[in-house]
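Enquirer: Below is one structure. I have some questions about it.
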Amino acid sequence: MTLDLSLLPDGGMGWLDASGEWSDIVLSSRVRLARNVDGYAFPARARDGERLRVLGQLRDAVRNVPSLEGGLLVRIEELTPNERLLLHERHLVSKELVGADKEHAVRTGTAVLLSEVASVMVNEEDHLRLQVLRSGFGVPDAYAMLKEVDEELGVEVPYAYHDDFGFLTACPTNVGTGLRASVLIHLPGLVLTKEIAKVLAGLQQMGLTYRGLYGEGSEVVGNFFQISNQTTLGRTEEELIDHLVRVVRHVIEREEEARRVLLRDAGYIIEDKLWRAYGTLRYARSLTFDEAMNYLSGLRLAAGLKLIAGLSVYTLNKLLIFSQLAHLANAEGRALTQSEGNLVRARYMRQVLAHEAGPHG
Amino acid sequence: MLCDQCRERDAAVTLTTMEKDTVRQLNLCERCAAERGVPTTSVSPKSPLSELLHAVQQQTTIGGADAARCSFCQTSKSDFRASGRLGCAHCYGAFETSLRDLLRRVHGHAVHVGRRYRAPHGAVLERAATLRELRARLQRAVEGEEFELAASLRDQIRGME
């Protein structure tokens with residue numbers, strides 16, 4: 001099968017549209033629930049046949065779940081390696097599900113269901129990982145939507161549940177609510193003012209954790225951080241969400257304060273730095289992914305500080321996603337080596353910036 | 001900057017706490033931080049899994065020997081110790097004692113207070129689930145050449161059908 005991403009509701013990209021609150025600082029909000037189907041071993045321990053039965057059960061159940069209706073069920077095994085990466089680059093599936101990390105080959109029965117409201121990863125670490133991804137800072141909204149999906153699906157599929165331990169998961173770090181809420185947040189001000197270490201240490205003291213752009217095990221690039229709750233048991237879903245929201249709101253305030261300080265105390269240095277980032281992206285002939293991320297971070301900051309006019313957050317979000325290797329290869333219609341990718345990436349940046357933003361210094 | 005607590009030594013860490021909507025920050029020296037149980041090492045992303053593995057490995061022989069196995073999926077305690085992953089829902093019963101202790105360490109709590117759940121409506125679905133489970137167990141029993149168990153499971157399945 002070839003993956004036709006145009007079949008996806010809004011191409012799976014609704015979360016990029018920058019329509020949400022604080023979308024210049026918070027790229028996206030995500031909530032996921034880990035669920036297992038009663039009666040089967042968890043995916044890593046299950047036989048192929050068991051995982052396929054789980055998949056079959058979900059496929060049957062979805063017919064009676066209005067919030068997932070019309071979704072596209074994609075079997076990972078049927079995709080080419082580049083298509084698998086494409087889904088991962090769009091933040092629609094985890095590295096583990098698509099076998100992109102070397103420790104995990106793609107298992108039989110892995111799939112992702114993509115609907116307008118939510119997505120469901122099937123046979124990842126748990127049988128079902130339900131998730132809602134939203135633009136900007138909108139964690140409670142994302143959870144409200146996800147809760148509905150979860151309640152409807154839980155009537156059709158019997159979840160593994162224990163009165164004391166709650167929803168049972170393969171990893172005890174997810175047990176209880178099975179809920180992980182996170183925001184993907186851009187914090188260049190705190191990085192430049194070197195306040196970031198304090199803020200991150202503060203997060204950990206408050207029971208939150210952070211990761212890089214692609215979640216677990218990924219590095220921090222382009223000053224993007226994923227902040228999420230660390231524990232899942234012993235607090236209600238609403239308490240977990242509420243706590244995350246309050247702390248992130250505080251982090252946003254700190255970031256805004258850092259930006260004010262930067263402009264006040266180092267205005268021309270910052271302005272010069274950001275225009276240089278713009279110049280590089282606008283004219284460079286070869287760009288590595290990390291380089292592009294760091295310059296895009298500068299552009300995003302410049303747009304936020306209103307130093308460079310004519311750059312929309314939506315354009316910046318698109319650049320972030322479409323400048324990744326699998327997306328470039330998809331646009332070119334052929335596989336690309338890293339160094340070919342660097343050339344194509346630079347060309348893509350030049351085109352978009354020439355077309356969509358024409359600022360004058 | 002001096003430590004907010006002892007006012008003697010240089011502050012090395014900032015302790016941030018949140019009560020209601022007020023954020024409080026305390027600058028502490030290493031010794032005062034250690035007294036409050038605040039880590040003073042530099043910040044690096046903590047992975048919940050690596051912390052879990054650390055906690056699992058610290059548990060020595062609480063709740064039985066490493067050879068203990070889950071009767072449904074055959075995951076042993078040492079499998080769990082190595083991977084940090086349980087094999088199936090039944091593992092939570094099989095390793096209950098040590099899990100309660102572990103969950104308390106990892107989450108600070110051992111009891112779920114979030115959304116309550118009742119598996120799907122009525123006897124029909126429950127029966128279907130039980131049957132599926134019995135069949136899966138039967139298959140495992142046959143594969144494990146546990147014929148007595150297999151015979152009794154087969155009888156149960158027949159009874160329900």
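Chain labels A, B, ... are given in the sequence in which chains occur in the structure tokens; within each chain residues are numbered consecutively from 1, and ligands are likewise numbered from 1 in the order shown.
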Do a neighbour search on Ser50 in chain B at 10 Å with only C-alpha atoms, toss out local chain neighbours closer than 5 positions, and write the hits as a PyMOL selection string.

Expert: chain B and resi 55-56+83-84

Enquirer: Tell me which protein, DNA and RNA residues are within 10 Å of Leu2 in chain B, counting only C-alpha atoms, leaving out same-chain ones fewer than 3 positions away, and put them as a PyMOL selection string.

Expert: chain B and resi 5-12+27-29

Enquirer: List every residue of range 53-182 of chain A that DSSP, applied to the backbone of this structure, places in helix (DSSP H, G or I), and write the result as a short mmCIF file (atom, residue, chain, number, x, y, z; two decimals) with N, CA and C atoms, in the first residue's frame.

Expert:
data_model
loop_
_atom_site.label_atom_id
_atom_site.label_comp_id
_atom_site.auth_asym_id
_atom_site.auth_seq_id
_atom_site.Cartn_x
_atom_site.Cartn_y
_atom_site.Cartn_z
N ARG A 53 -5.44 -10.10 16.69
CA ARG A 53 -6.80 -10.10 17.23
C ARG A 53 -7.13 -8.75 17.89
N VAL A 54 -6.13 -8.19 18.57
CA VAL A 54 -6.33 -6.86 19.16
C VAL A 54 -6.68 -5.85 18.06
N LEU A 55 -5.91 -5.92 16.98
CA LEU A 55 -6.14 -5.00 15.86
C LEU A 55 -7.54 -5.21 15.28
N GLY A 56 -7.93 -6.48 15.13
CA GLY A 56 -9.26 -6.80 14.60
C GLY A 56 -10.34 -6.26 15.52
N GLN A 57 -10.12 -6.42 16.82
CA GLN A 57 -11.12 -5.95 17.78
C GLN A 57 -11.29 -4.44 17.70
N LEU A 58 -10.17 -3.74 17.53
CA LEU A 58 -10.26 -2.28 17.42
C LEU A 58 -11.00 -1.91 16.13
N ARG A 59 -10.67 -2.60 15.06
CA ARG A 59 -11.28 -2.28 13.77
C ARG A 59 -12.81 -2.45 13.87
N ASP A 60 -13.25 -3.55 14.53
CA ASP A 60 -14.68 -3.76 14.70
C ASP A 60 -15.30 -2.68 15.57
N ALA A 61 -14.58 -2.36 16.65
CA ALA A 61 -15.14 -1.44 17.64
C ALA A 61 -15.34 -0.04 17.06
N VAL A 62 -14.40 0.38 16.21
CA VAL A 62 -14.41 1.75 15.71
C VAL A 62 -15.73 2.09 14.99
N PRO A 66 -18.40 6.99 17.54
CA PRO A 66 -18.59 8.17 16.69
C PRO A 66 -17.34 9.05 16.59
N SER A 67 -16.61 9.21 17.71
CA SER A 67 -15.48 10.14 17.68
C SER A 67 -14.31 9.64 16.85
N LEU A 68 -14.34 8.36 16.47
CA LEU A 68 -13.24 7.85 15.63
C LEU A 68 -13.71 7.51 14.22
N ILE A 76 1.31 -0.47 9.70
CA ILE A 76 2.70 -0.03 9.57
C ILE A 76 3.50 -0.99 8.69
N GLU A 77 3.23 -2.29 8.82
CA GLU A 77 3.98 -3.27 8.03
C GLU A 77 3.85 -3.04 6.53
N GLU A 78 2.75 -2.43 6.13
CA GLU A 78 2.50 -2.26 4.69
C GLU A 78 3.14 -0.99 4.13
N PRO A 81 9.77 2.20 4.26
CA PRO A 81 10.50 2.84 5.36
C PRO A 81 10.32 4.36 5.38
N ASN A 82 10.30 4.98 4.19
CA ASN A 82 10.16 6.44 4.17
C ASN A 82 8.78 6.89 4.63
N GLU A 83 7.75 6.10 4.27
CA GLU A 83 6.40 6.46 4.71
C GLU A 83 6.28 6.34 6.23
N ARG A 84 6.95 5.32 6.78
CA ARG A 84 6.92 5.17 8.24
C ARG A 84 7.54 6.39 8.92
N LEU A 85 8.69 6.81 8.36
CA LEU A 85 9.36 7.98 8.93
C LEU A 85 8.52 9.25 8.80
N LEU A 86 7.82 9.32 7.69
CA LEU A 86 6.97 10.48 7.43
C LEU A 86 5.93 10.64 8.55
N LEU A 87 5.31 9.54 8.92
CA LEU A 87 4.32 9.58 10.01
C LEU A 87 4.98 10.01 11.31
N HIS A 88 6.19 9.51 11.51
CA HIS A 88 6.89 9.87 12.74
C HIS A 88 7.27 11.35 12.73
N GLU A 89 7.74 11.83 11.58
CA GLU A 89 8.12 13.24 11.49
C GLU A 89 6.92 14.17 11.69
N VAL A 139 -4.23 22.17 26.55
CA VAL A 139 -4.23 20.83 27.12
C VAL A 139 -5.62 20.39 27.61
N PRO A 140 -6.36 21.25 28.36
CA PRO A 140 -7.67 20.81 28.83
C PRO A 140 -8.62 20.46 27.68
N ASP A 141 -8.59 21.25 26.61
CA ASP A 141 -9.45 20.94 25.46
C ASP A 141 -9.07 19.59 24.87
N ALA A 142 -7.76 19.38 24.73
CA ALA A 142 -7.30 18.11 24.17
C ALA A 142 -7.78 16.96 25.04
N TYR A 143 -7.70 17.12 26.36
CA TYR A 143 -8.14 16.04 27.23
C TYR A 143 -9.65 15.82 27.14
N ALA A 144 -10.41 16.90 27.06
CA ALA A 144 -11.86 16.76 26.97
C ALA A 144 -12.24 15.92 25.74
N MET A 145 -11.54 16.17 24.63
CA MET A 145 -11.83 15.41 23.41
C MET A 145 -11.42 13.95 23.58
N LEU A 146 -10.26 13.77 24.19
CA LEU A 146 -9.73 12.42 24.35
C LEU A 146 -10.58 11.58 25.29
N LYS A 147 -11.09 12.24 26.33
CA LYS A 147 -11.90 11.54 27.32
C LYS A 147 -13.13 10.94 26.63
N GLU A 148 -13.70 11.71 25.72
CA GLU A 148 -14.88 11.23 25.02
C GLU A 148 -14.53 9.99 24.19
N VAL A 149 -13.40 10.06 23.47
CA VAL A 149 -12.96 8.93 22.67
C VAL A 149 -12.76 7.70 23.56
N ASP A 150 -12.10 7.93 24.69
CA ASP A 150 -11.79 6.84 25.61
C ASP A 150 -13.06 6.20 26.16
N GLU A 151 -14.03 7.04 26.54
CA GLU A 151 -15.27 6.50 27.11
C GLU A 151 -16.05 5.71 26.07
N GLU A 152 -16.07 6.24 24.86
CA GLU A 152 -16.82 5.52 23.81
C GLU A 152 -16.14 4.20 23.45
N LEU A 153 -14.82 4.24 23.34
CA LEU A 153 -14.10 3.03 22.95
C LEU A 153 -14.13 1.98 24.06
N GLY A 154 -14.09 2.45 25.32
CA GLY A 154 -14.10 1.54 26.46
C GLY A 154 -15.38 0.75 26.61
N VAL A 155 -16.43 1.20 25.94
CA VAL A 155 -17.69 0.45 25.96
C VAL A 155 -17.62 -0.70 24.95
N GLU A 156 -16.86 -0.51 23.91
CA GLU A 156 -16.78 -1.50 22.83
C GLU A 156 -15.66 -2.50 23.06
N PRO A 172 5.10 0.11 34.41
CA PRO A 172 4.45 0.64 35.63
C PRO A 172 4.54 2.16 35.74
N THR A 173 5.37 2.82 34.94
CA THR A 173 5.42 4.28 35.01
C THR A 173 4.18 4.91 34.36
N ASN A 174 3.36 4.11 33.67
CA ASN A 174 2.16 4.66 33.03
C ASN A 174 0.86 4.22 33.69
#

Enquirer: Can you work out the spacing between CA of Gly136 in chain A and CA of Arg30 in chain A in Å, to one decimal?

Expert: 9.7 Å

Enquirer: Could you check which of B:Cys88, B:Gly108, B:Asp101, B:Cys73 is closest to Gly207 in chain A, using only C-alpha atoms?

Expert: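 Distance minimum relative to Gly207 in chain A lands on B:Gly108.
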
Enquirer: Closest to chain B among A:Lys194, A:Arg45, A:His186, A:Lys95, using only C-alpha atoms?

Expert: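 Using only C-alpha atoms, chain B sits closest to A:Arg45.
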
Enquirer: Write out as a PyMOL selection string the residues lying within 9 Å of His90 in chain B, counting only C-alpha atoms and excluding same-chain residues fewer than 2 positions away.

Expert: (chain A and resi 41) or (chain B and resi 70-73+86-88+92-95)

Enquirer: Which of these, A:Glu340, A:Asp242, A:Asp164, A:Glu255, has the shortest distance to chain B once you count only C-alpha atoms?

Expert: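 So, comparing all the options, the nearest one is A:Asp164.
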
Enquirer: Please compute the CA of Met121 in chain A-CA of Glu96 in chain A distance, one decimal, in Å.

Expert: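 Taking CA of Met121 in chain A and CA of Glu96 in chain A, their separation equals 10.6 Å.
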
Enquirer: What does the distance from CA of Phe42 in chain A to CA of Glu239 in chain A come to in Å, to one decimal?

Expert: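 We find that CA of Phe42 in chain A and CA of Glu239 in chain A lie 27.8 Å from each other.
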
Enquirer: Name the closest residue to chain A among the candidates B:Arg85, B:Arg100, B:Arg105, B:Lys77; distances are taken between atoms, counting only C-alpha atoms.

Expert: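 For chain A, the nearest of the candidates is B:Arg85.
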
Enquirer: Considering only C-alpha atoms, return as a VMD selection string whatever protein or nucleic-acid residues lie within 12 Å of range 127-137 of chain B, sequence-local ones (same chain, fewer than 4 positions apart) excluded.

Expert: (chain A and resid 37 to 41 46 to 47 49 to 50 53 to 54 57 156 to 160) or (chain B and resid 71 to 74 88 to 90 119 to 123 141 to 147 149 to 161)
